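The structure under discussion appears below in the form of structure tokens.
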Amino acid sequence: MMTTQNPPEHYPITHKIVPTFYFVGVTTGQSSINKVFPRWAQALGRPDVVLEGVDCKLNDDPENYRRAVAQIKYDPLSLGGLVTAHKINLLNAARDMFDYLDPCAQICGEVSSISKRDGALRGHAKDPITSGLSLDAIIDKGYFGRSGGDILCYGAGGSAVAIALHLINKQSAGDRPKRFVVVNRSQGRLDHLKQMVDSQQTDIAFEYIHNQDPVRNDAIMASMPAGTIVINATGMGKDTPGSPITDDGVFPEHGIAWELNYRGELDFWHQSMAQAESRHLLVEDGWLYFLHGWTQVVAEVLNITLTPETFAKLGELAADLRPPLVFRGAK
Ligand SMILES: NC(=O)c1ccc[n+]([C@@H]2O[C@H](COP(=O)([O-])OP(=O)(O)OC[C@H]3O[C@@H](n4cnc5c(N)ncnc54)[C@H](OP(=O)(O)O)[C@@H]3O)[C@@H](O)[C@H]2O)c1
């Protein structure tokens, strides 16, 4: 099905005079991509393309998501964009406006990439690829078989769904955790994740916990085996203040703490850094995830083949723009 060129009257479209790539997020002005993007556009031979942020509130009015999608769909120079934090809500609000959804978008019920080809509006869920590339860079092959660790994921939003699907799809048993424990504030997101998991065949035991009490989150973390990867996929410490755990929470020994963000207060990252030595933790942030996430979507929107060499080059171009991450010390 092809996109019609006539927008519905209730979505006023701005006719851009330069090719525009949108970034739909929460606090887009603060992202490193604003400085990184012009370098990448130049390096990819598209210096004419500009980046424009669209800030939406978390769980915004569905009409705001539809308006953002309509702008891309109906304005010829609006090339596409990247969606963060609103991946599930945007697709829920605007599913009928897409002409094509890739299999991951259909399975995960989310879109992180909006692009156009031959007049058709396309949505992709790149996160299973990008979170997977990031996680695979953190752990060695056979990590779960060797360490006996599980996954504890705070937050059951788009990223959690993507990480879960990435692990479900691992061919070798040693690359799959035995358990994937996920904790979320709203029951709806847990149901959404469960729906995705139930549509797949997997031997990973998923446990869904409806909770937002940090003290209970500490207790859940304390019950996880050594080697467990604890993920902060709540957005707390960037999109909202705080951390899903308290300062008293004890990380699994020889585990991995993965904060999905690379900017903001990053309380969870600081909490895990405080235990890096005593609990023999590997502590990671979201910079690599940022690079994979953006390069995959930029390549899709600009119709560029992303080779490992191109990725490496774009990573180098961004490196000095990474915000400094300095551990503020144990409390
Ligand atoms: N480095 C990168 O490039 C990169 C890439 C992807 C994602 N991220 C970051 O990772 C974070 C998660 O992304 P996402 O796309 O998965 O966002 P999302 O879809 O908004 O999911 C966040 C989830 O966390 C839950 N939550 C919030 N506070 C909680 C709490 N105290 N306890 C338990 N659950 C809580 C929310 O629950 P409700 O259902 O109640 O709202 C929501 O389901 C965002 O901050 C995003 O910026 C970074």
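The chains in the structure tokens are called A, B, ... from first to last as shown; in each chain the residues are counted from 1, and the ligands are counted from 1 in the order shown.
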* Could the residues that lie within 8 Å of ligand 1, counting only C-alpha atoms and all ligand atoms, be listed as JSON, numbers by chain? => {"A": [25, 58, 59, 84, 85, 86, 87, 88, 89, 127, 131, 154, 155, 156, 157, 158, 159, 160, 161, 183, 184, 185, 186, 187, 188, 189, 190, 210, 211, 212, 213, 214, 232, 233, 234, 235, 236, 237, 238, 239, 240, 243, 244, 259, 260, 261, 262, 285, 286, 287, 288, 289, 290, 291, 292, 293, 294]}
* Asked: Can you list, as a VMD selection string, every protein, DNA or RNA residue that comes within 7 Å of A:Val54 when you count only C-alpha atoms, leaving out same-chain residues fewer than 2 positions away?
  -> chain A and resid 22 to 25 28 52 56
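Minimum atom-to-atom distance to A:Leu82, evaluated using only C-alpha atoms, belongs to A:Val69 out of A:Ile107, A:Ile168, A:Ala319, A:Val69.
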From a DSSP calculation on the backbone, collect every residue of stretch 47-255 of chain A in strand (DSSP E or B) and output the set as a compact mmCIF listing (two decimals) with all heavy atoms, in the first residue's frame.
# COMPACT_ATOMS: atom_id res chain seq x y z
N VAL A 50 19.27 17.83 8.10
CA VAL A 50 19.34 18.40 9.45
C VAL A 50 18.52 17.54 10.42
O VAL A 50 17.58 16.85 10.02
CB VAL A 50 18.83 19.87 9.51
CG1 VAL A 50 19.66 20.76 8.62
CG2 VAL A 50 17.35 19.94 9.14
N LEU A 51 18.90 17.63 11.69
CA LEU A 51 18.21 16.89 12.75
C LEU A 51 17.23 17.82 13.46
O LEU A 51 17.59 18.96 13.76
CB LEU A 51 19.23 16.36 13.75
CG LEU A 51 18.68 15.54 14.92
CD1 LEU A 51 18.25 14.16 14.45
CD2 LEU A 51 19.73 15.42 16.03
N GLU A 52 16.03 17.34 13.73
CA GLU A 52 15.06 18.16 14.48
C GLU A 52 14.44 17.32 15.59
O GLU A 52 13.92 16.23 15.32
CB GLU A 52 13.97 18.67 13.52
CG GLU A 52 13.01 19.61 14.20
CD GLU A 52 12.03 20.25 13.22
OE1 GLU A 52 12.45 20.70 12.12
OE2 GLU A 52 10.83 20.27 13.56
N GLY A 53 14.50 17.81 16.81
CA GLY A 53 13.94 17.09 17.95
C GLY A 53 12.45 17.33 18.10
O GLY A 53 11.96 18.43 17.83
N VAL A 54 11.73 16.30 18.51
CA VAL A 54 10.31 16.42 18.84
C VAL A 54 10.15 15.87 20.26
O VAL A 54 10.29 14.67 20.47
CB VAL A 54 9.43 15.58 17.87
CG1 VAL A 54 7.96 15.71 18.25
CG2 VAL A 54 9.68 15.98 16.42
N ASP A 55 9.92 16.76 21.22
CA ASP A 55 9.78 16.30 22.61
C ASP A 55 8.32 15.97 22.91
O ASP A 55 7.43 16.82 22.71
CB ASP A 55 10.25 17.39 23.58
CG ASP A 55 11.77 17.48 23.62
OD1 ASP A 55 12.43 16.53 23.17
OD2 ASP A 55 12.29 18.51 24.11
N SER A 78 10.60 15.60 4.84
CA SER A 78 10.73 14.96 6.16
C SER A 78 11.05 13.50 5.87
O SER A 78 10.20 12.73 5.42
CB SER A 78 9.44 15.11 6.95
OG SER A 78 9.23 16.46 7.27
N LEU A 79 12.32 13.15 6.10
CA LEU A 79 12.82 11.86 5.58
C LEU A 79 12.45 10.68 6.46
O LEU A 79 12.32 9.55 5.99
CB LEU A 79 14.35 11.92 5.46
CG LEU A 79 14.94 13.05 4.62
CD1 LEU A 79 16.46 12.93 4.57
CD2 LEU A 79 14.36 13.04 3.21
N GLY A 80 12.32 10.94 7.75
CA GLY A 80 12.07 9.85 8.69
C GLY A 80 12.63 10.23 10.04
O GLY A 80 12.91 11.40 10.29
N GLY A 81 12.79 9.25 10.91
CA GLY A 81 13.32 9.60 12.22
C GLY A 81 13.51 8.44 13.15
O GLY A 81 13.19 7.29 12.82
N LEU A 82 14.08 8.78 14.29
CA LEU A 82 14.33 7.81 15.35
C LEU A 82 13.38 8.10 16.51
O LEU A 82 13.15 9.25 16.85
CB LEU A 82 15.78 7.90 15.81
CG LEU A 82 16.17 6.99 16.98
CD1 LEU A 82 17.58 6.42 16.77
CD2 LEU A 82 16.09 7.72 18.33
N VAL A 83 12.85 7.04 17.08
CA VAL A 83 11.94 7.17 18.22
C VAL A 83 12.59 6.52 19.43
O VAL A 83 13.07 5.38 19.35
CB VAL A 83 10.60 6.44 17.95
CG1 VAL A 83 9.63 6.66 19.11
CG2 VAL A 83 9.98 6.89 16.63
N TYR A 100 4.13 -0.20 6.08
CA TYR A 100 4.91 -1.44 6.29
C TYR A 100 5.46 -1.45 7.70
O TYR A 100 5.99 -0.44 8.18
CB TYR A 100 6.07 -1.51 5.28
CG TYR A 100 7.07 -2.60 5.60
CD1 TYR A 100 6.80 -3.94 5.30
CD2 TYR A 100 8.28 -2.29 6.23
CE1 TYR A 100 7.71 -4.94 5.62
CE2 TYR A 100 9.19 -3.28 6.54
CZ TYR A 100 8.90 -4.60 6.24
OH TYR A 100 9.80 -5.59 6.56
N LEU A 101 5.36 -2.57 8.38
CA LEU A 101 6.01 -2.77 9.68
C LEU A 101 6.87 -4.01 9.55
O LEU A 101 6.38 -5.06 9.10
CB LEU A 101 4.97 -2.98 10.79
CG LEU A 101 4.12 -1.76 11.16
CD1 LEU A 101 3.04 -2.17 12.16
CD2 LEU A 101 4.98 -0.64 11.73
N SER A 113 12.35 3.17 14.36
CA SER A 113 12.80 3.78 13.11
C SER A 113 11.60 4.03 12.21
O SER A 113 10.81 3.12 11.97
CB SER A 113 13.77 2.82 12.41
OG SER A 113 13.95 3.18 11.06
N ILE A 114 11.49 5.27 11.75
CA ILE A 114 10.44 5.62 10.78
C ILE A 114 11.16 6.08 9.51
O ILE A 114 11.99 6.98 9.55
CB ILE A 114 9.53 6.75 11.31
CG1 ILE A 114 8.93 6.37 12.66
CG2 ILE A 114 8.44 7.07 10.30
CD1 ILE A 114 8.14 7.50 13.33
N SER A 115 10.87 5.42 8.40
CA SER A 115 11.55 5.77 7.16
C SER A 115 10.56 5.68 6.00
O SER A 115 9.43 5.24 6.18
CB SER A 115 12.73 4.81 6.92
OG SER A 115 12.26 3.48 6.82
N LYS A 116 11.04 6.12 4.83
CA LYS A 116 10.17 6.08 3.65
C LYS A 116 10.92 5.45 2.49
O LYS A 116 12.11 5.70 2.30
CB LYS A 116 9.73 7.50 3.27
CG LYS A 116 8.86 8.14 4.32
CD LYS A 116 8.12 9.36 3.81
CE LYS A 116 8.91 10.63 3.91
NZ LYS A 116 8.11 11.86 3.78
N ARG A 117 10.25 4.62 1.74
CA ARG A 117 10.80 4.07 0.49
C ARG A 117 9.70 4.06 -0.55
O ARG A 117 8.63 3.49 -0.31
CB ARG A 117 11.26 2.62 0.64
CG ARG A 117 12.55 2.34 1.29
CD ARG A 117 13.83 2.78 0.63
NE ARG A 117 14.89 2.29 1.46
CZ ARG A 117 15.24 2.84 2.63
NH1 ARG A 117 14.66 3.95 3.05
NH2 ARG A 117 16.19 2.29 3.36
N ALA A 120 6.24 4.79 0.49
CA ALA A 120 5.60 4.02 1.57
C ALA A 120 6.23 4.36 2.91
O ALA A 120 7.46 4.46 3.02
CB ALA A 120 5.75 2.52 1.28
N LEU A 121 5.41 4.53 3.94
CA LEU A 121 5.92 4.83 5.28
C LEU A 121 6.19 3.51 6.01
O LEU A 121 5.31 2.66 6.13
CB LEU A 121 4.90 5.65 6.06
CG LEU A 121 5.45 6.19 7.38
CD1 LEU A 121 6.34 7.40 7.13
CD2 LEU A 121 4.31 6.57 8.34
N ARG A 122 7.46 3.39 6.50
CA ARG A 122 7.88 2.11 7.07
C ARG A 122 8.29 2.27 8.53
O ARG A 122 8.94 3.24 8.89
CB ARG A 122 9.05 1.53 6.28
CG ARG A 122 8.76 1.51 4.78
CD ARG A 122 9.89 1.01 3.95
NE ARG A 122 11.19 1.36 4.47
CZ ARG A 122 12.28 0.61 4.33
NH1 ARG A 122 12.21 -0.54 3.69
NH2 ARG A 122 13.44 1.00 4.79
N GLY A 123 7.91 1.32 9.33
CA GLY A 123 8.32 1.31 10.73
C GLY A 123 9.14 0.07 11.01
O GLY A 123 8.77 -1.04 10.62
N HIS A 124 10.28 0.27 11.66
CA HIS A 124 11.12 -0.87 12.05
C HIS A 124 11.34 -0.82 13.56
O HIS A 124 11.47 0.26 14.13
CB HIS A 124 12.51 -0.80 11.38
CG HIS A 124 12.50 -1.07 9.92
ND1 HIS A 124 12.12 -0.13 9.00
CD2 HIS A 124 12.84 -2.18 9.22
CE1 HIS A 124 12.23 -0.64 7.78
NE2 HIS A 124 12.66 -1.89 7.88
N ILE A 151 18.92 -12.86 34.10
CA ILE A 151 18.68 -11.44 33.80
C ILE A 151 17.67 -10.90 34.81
O ILE A 151 16.65 -11.55 35.08
CB ILE A 151 18.09 -11.26 32.37
CG1 ILE A 151 19.09 -11.65 31.29
CG2 ILE A 151 17.57 -9.84 32.18
CD1 ILE A 151 20.06 -10.57 30.86
N LEU A 152 17.98 -9.73 35.36
CA LEU A 152 16.99 -8.98 36.15
C LEU A 152 16.85 -7.63 35.47
O LEU A 152 17.81 -6.86 35.41
CB LEU A 152 17.46 -8.81 37.60
CG LEU A 152 16.62 -7.84 38.45
CD1 LEU A 152 15.16 -8.24 38.50
CD2 LEU A 152 17.20 -7.73 39.87
N CYS A 153 15.66 -7.39 34.94
CA CYS A 153 15.45 -6.16 34.18
C CYS A 153 14.41 -5.30 34.86
O CYS A 153 13.25 -5.71 34.98
CB CYS A 153 15.01 -6.52 32.75
SG CYS A 153 14.90 -5.11 31.66
N TYR A 154 14.83 -4.13 35.33
CA TYR A 154 13.88 -3.16 35.87
C TYR A 154 13.35 -2.35 34.69
O TYR A 154 14.12 -1.71 33.98
CB TYR A 154 14.56 -2.23 36.88
CG TYR A 154 15.07 -2.94 38.11
CD1 TYR A 154 16.42 -2.96 38.41
CD2 TYR A 154 14.19 -3.60 38.97
CE1 TYR A 154 16.89 -3.60 39.55
CE2 TYR A 154 14.65 -4.26 40.10
CZ TYR A 154 16.00 -4.25 40.39
OH TYR A 154 16.47 -4.90 41.50
N ARG A 179 16.63 -17.76 33.43
CA ARG A 179 15.50 -16.94 33.90
C ARG A 179 15.66 -15.51 33.45
O ARG A 179 16.77 -14.99 33.38
CB ARG A 179 15.44 -16.94 35.43
CG ARG A 179 14.75 -18.15 36.02
CD ARG A 179 14.37 -17.88 37.49
NE ARG A 179 15.41 -17.21 38.23
CZ ARG A 179 15.20 -16.49 39.34
NH1 ARG A 179 14.00 -16.32 39.81
NH2 ARG A 179 16.22 -15.92 39.97
N PHE A 180 14.55 -14.87 33.16
CA PHE A 180 14.51 -13.43 32.83
C PHE A 180 13.44 -12.84 33.74
O PHE A 180 12.26 -13.06 33.52
CB PHE A 180 14.16 -13.26 31.35
CG PHE A 180 14.32 -11.86 30.81
CD1 PHE A 180 15.25 -11.59 29.80
CD2 PHE A 180 13.54 -10.80 31.27
CE1 PHE A 180 15.40 -10.30 29.27
CE2 PHE A 180 13.68 -9.53 30.75
CZ PHE A 180 14.61 -9.28 29.75
N VAL A 181 13.91 -12.17 34.77
CA VAL A 181 12.98 -11.57 35.74
C VAL A 181 12.78 -10.11 35.37
O VAL A 181 13.76 -9.37 35.23
CB VAL A 181 13.53 -11.70 37.18
CG1 VAL A 181 12.57 -11.06 38.18
CG2 VAL A 181 13.79 -13.17 37.53
N VAL A 182 11.54 -9.71 35.20
CA VAL A 182 11.30 -8.32 34.80
C VAL A 182 10.31 -7.68 35.76
O VAL A 182 9.31 -8.28 36.15
CB VAL A 182 10.83 -8.26 33.32
CG1 VAL A 182 9.60 -9.11 33.07
CG2 VAL A 182 10.57 -6.82 32.89
N VAL A 183 10.67 -6.45 36.16
CA VAL A 183 9.87 -5.71 37.15
C VAL A 183 9.38 -4.43 36.49
O VAL A 183 10.17 -3.71 35.88
CB VAL A 183 10.75 -5.32 38.36
CG1 VAL A 183 9.90 -4.67 39.45
CG2 VAL A 183 11.50 -6.53 38.91
N ASN A 184 8.10 -4.16 36.63
CA ASN A 184 7.58 -2.92 36.03
C ASN A 184 6.54 -2.25 36.91
O ASN A 184 5.82 -2.91 37.65
CB ASN A 184 6.99 -3.19 34.64
CG ASN A 184 6.89 -1.92 33.82
OD1 ASN A 184 7.92 -1.40 33.37
ND2 ASN A 184 5.69 -1.38 33.64
N ALA A 205 12.74 -19.02 31.33
CA ALA A 205 11.59 -18.85 32.24
C ALA A 205 11.43 -17.36 32.55
O ALA A 205 12.29 -16.77 33.21
CB ALA A 205 11.83 -19.65 33.52
N PHE A 206 10.37 -16.76 32.06
CA PHE A 206 10.11 -15.34 32.32
C PHE A 206 9.29 -15.20 33.59
O PHE A 206 8.33 -15.95 33.80
CB PHE A 206 9.39 -14.70 31.13
CG PHE A 206 10.32 -14.33 30.01
CD1 PHE A 206 10.74 -15.28 29.10
CD2 PHE A 206 10.81 -13.04 29.90
CE1 PHE A 206 11.62 -14.95 28.07
CE2 PHE A 206 11.69 -12.69 28.88
CZ PHE A 206 12.10 -13.65 27.97
N GLU A 207 9.69 -14.25 34.44
CA GLU A 207 8.91 -13.93 35.65
C GLU A 207 8.56 -12.46 35.61
O GLU A 207 9.45 -11.62 35.43
CB GLU A 207 9.74 -14.23 36.91
CG GLU A 207 9.88 -15.70 37.19
CD GLU A 207 10.83 -15.98 38.35
OE1 GLU A 207 10.91 -15.13 39.27
OE2 GLU A 207 11.48 -17.03 38.32
N TYR A 208 7.29 -12.18 35.77
CA TYR A 208 6.80 -10.80 35.63
C TYR A 208 6.39 -10.28 37.00
O TYR A 208 5.50 -10.87 37.64
CB TYR A 208 5.60 -10.76 34.69
CG TYR A 208 5.87 -11.43 33.35
CD1 TYR A 208 5.58 -12.79 33.17
CD2 TYR A 208 6.43 -10.73 32.29
CE1 TYR A 208 5.84 -13.42 31.96
CE2 TYR A 208 6.69 -11.35 31.09
CZ TYR A 208 6.39 -12.69 30.93
OH TYR A 208 6.64 -13.31 29.73
N ILE A 209 7.03 -9.23 37.46
CA ILE A 209 6.75 -8.71 38.80
C ILE A 209 6.25 -7.28 38.69
O ILE A 209 6.92 -6.41 38.12
CB ILE A 209 8.02 -8.77 39.69
CG1 ILE A 209 8.50 -10.23 39.80
CG2 ILE A 209 7.71 -8.19 41.07
CD1 ILE A 209 9.81 -10.39 40.56
N HIS A 210 5.05 -7.06 39.23
CA HIS A 210 4.43 -5.73 39.21
C HIS A 210 4.85 -4.99 40.47
O HIS A 210 4.35 -5.30 41.55
CB HIS A 210 2.90 -5.92 39.13
CG HIS A 210 2.16 -4.63 39.05
ND1 HIS A 210 0.84 -4.50 39.35
CD2 HIS A 210 2.59 -3.39 38.69
CE1 HIS A 210 0.45 -3.24 39.19
NE2 HIS A 210 1.50 -2.55 38.79
N ILE A 229 22.87 -10.37 35.19
CA ILE A 229 22.95 -9.05 34.56
C ILE A 229 21.74 -8.24 35.02
O ILE A 229 20.59 -8.64 34.76
CB ILE A 229 22.97 -9.16 33.02
CG1 ILE A 229 24.12 -10.07 32.57
CG2 ILE A 229 23.07 -7.78 32.39
CD1 ILE A 229 24.17 -10.31 31.07
N VAL A 230 22.00 -7.15 35.73
CA VAL A 230 20.92 -6.30 36.24
C VAL A 230 20.84 -5.07 35.33
O VAL A 230 21.82 -4.35 35.15
CB VAL A 230 21.19 -5.87 37.69
CG1 VAL A 230 20.00 -5.09 38.24
CG2 VAL A 230 21.49 -7.07 38.58
N ILE A 231 19.67 -4.88 34.76
CA ILE A 231 19.51 -3.81 33.75
C ILE A 231 18.57 -2.73 34.29
O ILE A 231 17.48 -3.05 34.79
CB ILE A 231 18.92 -4.40 32.45
CG1 ILE A 231 19.78 -5.56 31.93
CG2 ILE A 231 18.78 -3.31 31.38
CD1 ILE A 231 19.13 -6.36 30.80
N ASN A 232 18.99 -1.49 34.16
CA ASN A 232 18.07 -0.39 34.45
C ASN A 232 17.46 0.08 33.14
O ASN A 232 18.07 0.87 32.41
CB ASN A 232 18.76 0.77 35.15
CG ASN A 232 17.78 1.92 35.41
OD1 ASN A 232 16.56 1.71 35.45
ND2 ASN A 232 18.30 3.12 35.57
N MET A 236 14.79 5.76 34.78
CA MET A 236 15.08 6.51 36.03
C MET A 236 16.55 6.89 36.04
O MET A 236 17.41 6.09 35.69
CB MET A 236 14.74 5.67 37.25
CG MET A 236 13.26 5.36 37.36
SD MET A 236 12.89 4.48 38.88
CE MET A 236 12.84 5.83 40.04
N THR A 240 13.30 10.29 34.40
CA THR A 240 12.70 10.64 35.70
C THR A 240 13.79 10.50 36.76
O THR A 240 14.76 9.76 36.55
CB THR A 240 11.52 9.69 36.05
OG1 THR A 240 11.99 8.34 36.03
CG2 THR A 240 10.36 9.83 35.07
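Atom pair atom CA of A:Ala312 / atom CA of A:Ala41 has a distance of 14.9 Å (rounded to one decimal).
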* **Neighbour list for A:Leu281 as a PyMOL selection string, cut-off 6 Å, only C-alpha atoms, skip fewer than 3 positions in-chain** => chain A and resi 254-256+276
* Determine which residues of stretch 19-136 of chain A receive a DSSP assignment of alpha helix (DSSP H), computed from the backbone, and state them as a PyMOL selection string. => chain A and resi 33-43+62-74+87-94+103-108+127-136
Resulting file, chosen residues, N, CA and C atoms, as a CSV table (one decimal), in the first residue's frame:
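That gives us selection_3.csv:
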chain,number,residue,atom,x,y,z
A,33,ILE,N,23.3,13.5,20.3
A,33,ILE,CA,23.1,13.4,18.8
A,33,ILE,C,23.1,14.7,18.1
A,34,ASN,N,22.7,15.8,18.9
A,34,ASN,CA,22.6,17.1,18.2
A,34,ASN,C,23.9,17.5,17.7
A,35,LYS,N,25.0,17.2,18.4
A,35,LYS,CA,26.4,17.5,17.9
A,35,LYS,C,26.9,16.5,17.0
A,36,VAL,N,26.5,15.2,17.3
A,36,VAL,CA,27.1,14.1,16.5
A,36,VAL,C,26.5,14.1,15.1
A,37,PHE,N,25.2,14.3,15.0
A,37,PHE,CA,24.5,14.2,13.7
A,37,PHE,C,25.1,14.9,12.6
A,38,PRO,N,25.5,16.2,12.7
A,38,PRO,CA,26.1,16.9,11.6
A,38,PRO,C,27.4,16.3,11.1
A,39,ARG,N,28.2,15.8,12.0
A,39,ARG,CA,29.4,15.1,11.6
A,39,ARG,C,29.1,13.8,10.8
A,40,TRP,N,28.1,13.1,11.3
A,40,TRP,CA,27.8,11.9,10.6
A,40,TRP,C,27.2,12.2,9.2
A,41,ALA,N,26.3,13.2,9.2
A,41,ALA,CA,25.7,13.5,7.9
A,41,ALA,C,26.7,13.9,6.8
A,42,GLN,N,27.7,14.6,7.3
A,42,GLN,CA,28.8,15.0,6.4
A,42,GLN,C,29.6,13.7,6.0
A,43,ALA,N,29.9,12.9,6.9
A,43,ALA,CA,30.7,11.7,6.6
A,43,ALA,C,30.0,10.7,5.7
A,62,PRO,N,-2.1,10.4,22.5
A,62,PRO,CA,-1.9,9.7,21.2
A,62,PRO,C,-1.9,10.6,20.0
A,63,GLU,N,-2.7,11.7,20.1
A,63,GLU,CA,-2.7,12.6,19.0
A,63,GLU,C,-1.4,13.3,18.7
A,64,ASN,N,-0.6,13.5,19.7
A,64,ASN,CA,0.7,14.1,19.5
A,64,ASN,C,1.6,13.1,18.8
A,65,TYR,N,1.5,11.8,19.0
A,65,TYR,CA,2.3,10.9,18.3
A,65,TYR,C,1.8,10.8,16.8
A,66,ARG,N,0.5,10.9,16.6
A,66,ARG,CA,0.0,10.8,15.3
A,66,ARG,C,0.4,12.0,14.5
A,67,ARG,N,0.5,13.2,15.1
A,67,ARG,CA,0.9,14.4,14.5
A,67,ARG,C,2.4,14.3,14.0
A,68,ALA,N,3.2,13.7,14.9
A,68,ALA,CA,4.6,13.5,14.5
A,68,ALA,C,4.8,12.6,13.3
A,69,VAL,N,4.0,11.5,13.3
A,69,VAL,CA,4.1,10.5,12.2
A,69,VAL,C,3.5,11.2,10.9
A,70,ALA,N,2.4,11.9,11.1
A,70,ALA,CA,1.8,12.6,9.9
A,70,ALA,C,2.8,13.5,9.2
A,71,GLN,N,3.6,14.3,10.0
A,71,GLN,CA,4.6,15.2,9.5
A,71,GLN,C,5.6,14.4,8.6
A,72,ILE,N,6.0,13.3,9.0
A,72,ILE,CA,7.0,12.5,8.2
A,72,ILE,C,6.3,11.9,7.0
A,73,LYS,N,5.1,11.4,7.2
A,73,LYS,CA,4.4,10.7,6.2
A,73,LYS,C,4.0,11.6,5.0
A,74,TYR,N,3.6,12.8,5.3
A,74,TYR,CA,3.1,13.7,4.2
A,74,TYR,C,4.0,14.8,3.7
A,87,LYS,N,8.4,4.3,21.9
A,87,LYS,CA,8.4,3.3,20.8
A,87,LYS,C,7.1,2.5,20.8
A,88,ILE,N,6.6,2.1,22.0
A,88,ILE,CA,5.4,1.3,22.1
A,88,ILE,C,4.2,2.3,21.9
A,89,ASN,N,4.2,3.4,22.6
A,89,ASN,CA,3.0,4.3,22.6
A,89,ASN,C,2.8,4.9,21.2
A,90,LEU,N,3.9,5.2,20.5
A,90,LEU,CA,3.8,5.8,19.2
A,90,LEU,C,3.1,4.8,18.2
A,91,LEU,N,3.6,3.5,18.3
A,91,LEU,CA,3.0,2.5,17.4
A,91,LEU,C,1.5,2.3,17.8
A,92,ASN,N,1.3,2.2,19.0
A,92,ASN,CA,-0.1,2.0,19.5
A,92,ASN,C,-1.0,3.1,18.9
A,93,ALA,N,-0.5,4.4,18.9
A,93,ALA,CA,-1.3,5.5,18.5
A,93,ALA,C,-1.4,5.6,17.0
A,94,ALA,N,-0.4,5.2,16.3
A,94,ALA,CA,-0.4,5.5,14.8
A,94,ALA,C,-0.2,4.3,13.9
A,103,PRO,N,9.1,-7.4,10.7
A,103,PRO,CA,8.6,-8.5,11.6
A,103,PRO,C,8.9,-8.1,13.0
A,104,CYS,N,10.1,-7.5,13.3
A,104,CYS,CA,10.4,-7.2,14.8
A,104,CYS,C,9.4,-6.2,15.3
A,105,ALA,N,9.0,-5.2,14.5
A,105,ALA,CA,8.0,-4.2,14.9
A,105,ALA,C,6.7,-4.9,15.3
A,106,GLN,N,6.3,-5.9,14.4
A,106,GLN,CA,5.1,-6.6,14.6
A,106,GLN,C,5.1,-7.5,15.9
A,107,ILE,N,6.3,-8.2,16.1
A,107,ILE,CA,6.4,-9.0,17.2
A,107,ILE,C,6.5,-8.2,18.5
A,108,CYS,N,7.3,-7.1,18.5
A,108,CYS,CA,7.6,-6.3,19.7
A,108,CYS,C,6.5,-5.3,20.0
A,127,ASP,N,15.5,-2.1,17.9
A,127,ASP,CA,16.1,-2.4,19.2
A,127,ASP,C,16.5,-3.8,19.4
A,128,PRO,N,15.8,-4.8,18.9
A,128,PRO,CA,16.3,-6.2,19.1
A,128,PRO,C,17.7,-6.3,18.5
A,129,ILE,N,18.0,-5.6,17.4
A,129,ILE,CA,19.3,-5.7,16.8
A,129,ILE,C,20.3,-4.8,17.6
A,130,THR,N,19.9,-3.6,17.9
A,130,THR,CA,20.8,-2.6,18.5
A,130,THR,C,21.1,-3.0,20.0
A,131,SER,N,20.1,-3.4,20.7
A,131,SER,CA,20.3,-3.8,22.1
A,131,SER,C,21.1,-5.1,22.1
A,132,GLY,N,20.9,-5.9,21.1
A,132,GLY,CA,21.6,-7.2,21.0
A,132,GLY,C,23.1,-7.0,20.7
A,133,LEU,N,23.3,-6.1,19.7
A,133,LEU,CA,24.7,-5.8,19.4
A,133,LEU,C,25.4,-5.2,20.6
A,134,SER,N,24.7,-4.4,21.4
A,134,SER,CA,25.3,-3.8,22.6
A,134,SER,C,25.6,-4.9,23.7
A,135,LEU,N,24.6,-5.7,23.9
A,135,LEU,CA,24.8,-6.8,24.9
A,135,LEU,C,25.9,-7.7,24.5
A,136,ASP,N,25.9,-8.1,23.3
A,136,ASP,CA,26.9,-9.0,22.8
A,136,ASP,C,28.3,-8.5,22.9
Tell me which protein, DNA and RNA residues are within 8 Å of A:Phe144, counting only C-alpha atoms, leaving out same-chain ones fewer than 5 positions away, and put them as a PDB file with N, CA and C atoms, in the first residue's frame.
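Result file follows (result_33.pdb):
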ATOM      1  N   GLY A 149      24.462 -17.012  35.604  1.00  0.00           N
ATOM      2  CA  GLY A 149      23.692 -15.801  35.909  1.00  0.00           C
ATOM      3  C   GLY A 149      22.390 -15.739  35.119  1.00  0.00           C
ATOM      4  N   ASP A 150      21.454 -14.955  35.628  1.00  0.00           N
ATOM      5  CA  ASP A 150      20.181 -14.722  34.945  1.00  0.00           C
ATOM      6  C   ASP A 150      20.110 -13.253  34.520  1.00  0.00           C
ATOM      7  N   GLY A 174      23.914 -21.859  25.899  1.00  0.00           N
ATOM      8  CA  GLY A 174      24.812 -21.105  26.783  1.00  0.00           C
ATOM      9  C   GLY A 174      24.691 -19.601  26.617  1.00  0.00           C
ATOM     10  N   ASP A 175      24.069 -19.172  25.521  1.00  0.00           N
ATOM     11  CA  ASP A 175      23.874 -17.736  25.278  1.00  0.00           C
ATOM     12  C   ASP A 175      22.497 -17.256  25.747  1.00  0.00           C
ATOM     13  N   ARG A 176      21.746 -18.188  26.345  1.00  0.00           N
ATOM     14  CA  ARG A 176      20.422 -17.809  26.856  1.00  0.00           C
ATOM     15  C   ARG A 176      20.418 -17.951  28.387  1.00  0.00           C
ATOM     16  N   PRO A 177      19.850 -16.957  29.104  1.00  0.00           N
ATOM     17  CA  PRO A 177      19.730 -17.135  30.560  1.00  0.00           C
ATOM     18  C   PRO A 177      18.645 -18.162  30.853  1.00  0.00           C
ATOM     19  N   LYS A 178      18.742 -18.792  32.022  1.00  0.00           N
ATOM     20  CA  LYS A 178      17.659 -19.716  32.406  1.00  0.00           C
ATOM     21  C   LYS A 178      16.407 -18.925  32.782  1.00  0.00           C
TER      22      LYS A 178
END
